[in-house]
Each structure stands twice: as structure tokens, then as C-alpha cells.
>>> print(open('run.txt').read())   # compact mmCIF, C-alpha atoms
# COMPACT_ATOMS: atom_id res chain seq x y z
CA HIS A 1 -14.87 -1.83 9.87
CA LEU A 2 -13.98 -4.33 7.17
CA LEU A 3 -11.79 -1.80 5.41
CA GLU A 4 -10.08 -0.84 8.67
CA ASN A 5 -9.36 -4.52 9.31
CA GLY A 6 -7.56 -4.87 5.99
CA VAL A 7 -10.32 -6.33 3.80
CA ASP A 8 -9.78 -5.36 0.17
CA ILE A 9 -12.26 -2.78 -1.14
CA ARG A 10 -13.20 -5.14 -4.01
CA TYR A 11 -14.49 -7.73 -1.53
CA ILE A 12 -16.50 -5.09 0.29
CA GLN A 13 -17.87 -3.93 -3.05
CA SER A 14 -19.00 -7.48 -3.81
CA LEU A 15 -20.56 -7.97 -0.37
CA LEU A 16 -22.55 -4.76 -0.77
CA GLY A 17 -23.62 -5.67 -4.32
CA HIS A 18 -22.15 -2.57 -5.94
CA ALA A 19 -21.23 -2.60 -9.62
CA LYS A 20 -18.78 0.31 -9.31
CA PRO A 21 -16.09 0.84 -6.64
CA GLU A 22 -17.03 4.52 -6.56
CA THR A 23 -20.40 3.57 -5.07
CA THR A 24 -18.69 1.57 -2.32
CA MET A 25 -16.37 4.46 -1.52
CA ILE A 26 -19.40 6.60 -0.62
CA TYR A 27 -20.07 4.28 2.32
CA THR A 28 -16.47 3.74 3.41
CA HIS A 29 -14.36 6.13 5.43
CA VAL A 30 -10.59 5.68 5.43
CA LYS A 31 -8.79 6.74 8.58
CA ARG A 32 -5.98 9.25 8.14
CA LYS A 33 -3.73 6.94 10.21
CA ASP A 34 -4.20 4.19 7.62
CA LEU A 35 -3.22 6.54 4.82
CA MET A 36 -0.05 7.53 6.66
CA GLU A 37 0.99 3.86 6.97
CA ILE A 38 1.10 3.31 3.20
CA GLN A 39 4.70 2.79 2.12
CA ASN A 40 6.23 3.63 -1.22
CA PRO A 41 7.33 0.32 -2.86
CA LEU A 42 10.55 1.92 -4.14
CA ASP A 43 11.49 3.06 -0.62
CA THR A 44 10.81 -0.43 0.70
CA ALA A 45 12.98 -2.03 -2.00
CA LEU A 46 15.83 0.39 -1.36
CA GLN A 47 15.69 -0.29 2.38
CA LYS A 48 15.94 -4.03 1.72
CA LEU A 49 18.94 -3.48 -0.56
CA LYS A 50 20.60 -1.33 2.07
CA HIS A 51 20.21 -4.03 4.71
CA MET A 52 21.45 -6.76 2.35
CA ASP A 53 24.77 -5.13 1.56
CA LYS A 54 25.87 -2.36 3.89
CA ASN A 55 29.45 -2.43 2.54
CA ASN A 56 28.55 -1.66 -1.07
CA ARG A 57 27.51 1.99 -1.35
CA ASN A 58 26.99 1.86 -5.15
CA VAL A 59 23.64 0.24 -5.75
CA LEU A 60 22.50 -0.11 -9.38
CA LEU A 61 18.75 -0.13 -9.95
CA SER A 62 19.15 -1.46 -13.51
CA GLY A 63 21.44 -3.87 -15.29
CA ASP A 64 23.31 -1.03 -17.06
CA ILE A 65 26.86 -0.31 -15.95
>>> encode(input="run.txt", output="C-alpha cells")
Amino acid sequence: HLLENGVDIRYIQSLLGHAKPETTMIYTHVKRKDLMEIQNPLDTALQKLKHMDKNNRNVLLSGDI
């Protein structure tokens, strides 16, 4: 329930007294819905850029011209 409520797996690992995160993962079950909600950071950044400047269609991801 802690994992489903957004508690980081490292905190759960500490609470359970596990030395390795792999041990904690045995006792945790991740819902498929939660996995589907994970967003790609690049997609998120591109969406923000798109909303910031809808008039400029040429977006550079680096400083090179």
C-alpha cells in the first residue's frame, strides 16, 4: 500500500530492514495502472516547449545551429 500511495521504494526498503532493493521487490506488487502512468521525461519536456511557443515550429534541443 505504501508503494501504491507514492512512497519511494528506498523508504519501504528501510522500513522493512532490507539490505538490497531486490529483497523488497519480492514483497511489493506494482499495479499495471501505475506502470502505464509513467511518463517519458523527453516527451514531457517537448510538450512543455510546445505549449511555451506555439508559433515557432523549429525547436532546437541543443545549442547547435
>>> atom_distance(input="run.txt", atom1="CA of Gln47 in chain A", atom2="CA of Gly6 in chain A")
24.0 Å
>>> atom_distance(input="run.txt", atom1="CA of Ile9 in chain A", atom2="CA of Thr24 in chain A")
7.9 Å
>>> atom_distance(input="run.txt", atom1="CA of Thr28 in chain A", atom2="CA of Leu3 in chain A")
7.5 Å
>>> closest_residue(input="run.txt", among="A:Met52, A:Ile38, A:Ala45, A:Leu2", to="Leu16 in chain A", atoms="all atoms listed in the file")
A:Leu2
>>> residues_around(input="run.txt", residues="Pro21 in chain A", least_positions_apart="4", cutoff="12 Å", atoms="all atoms listed in the file", output="MDAnalysis selection string")
chainID A and resid 8:17 25:28
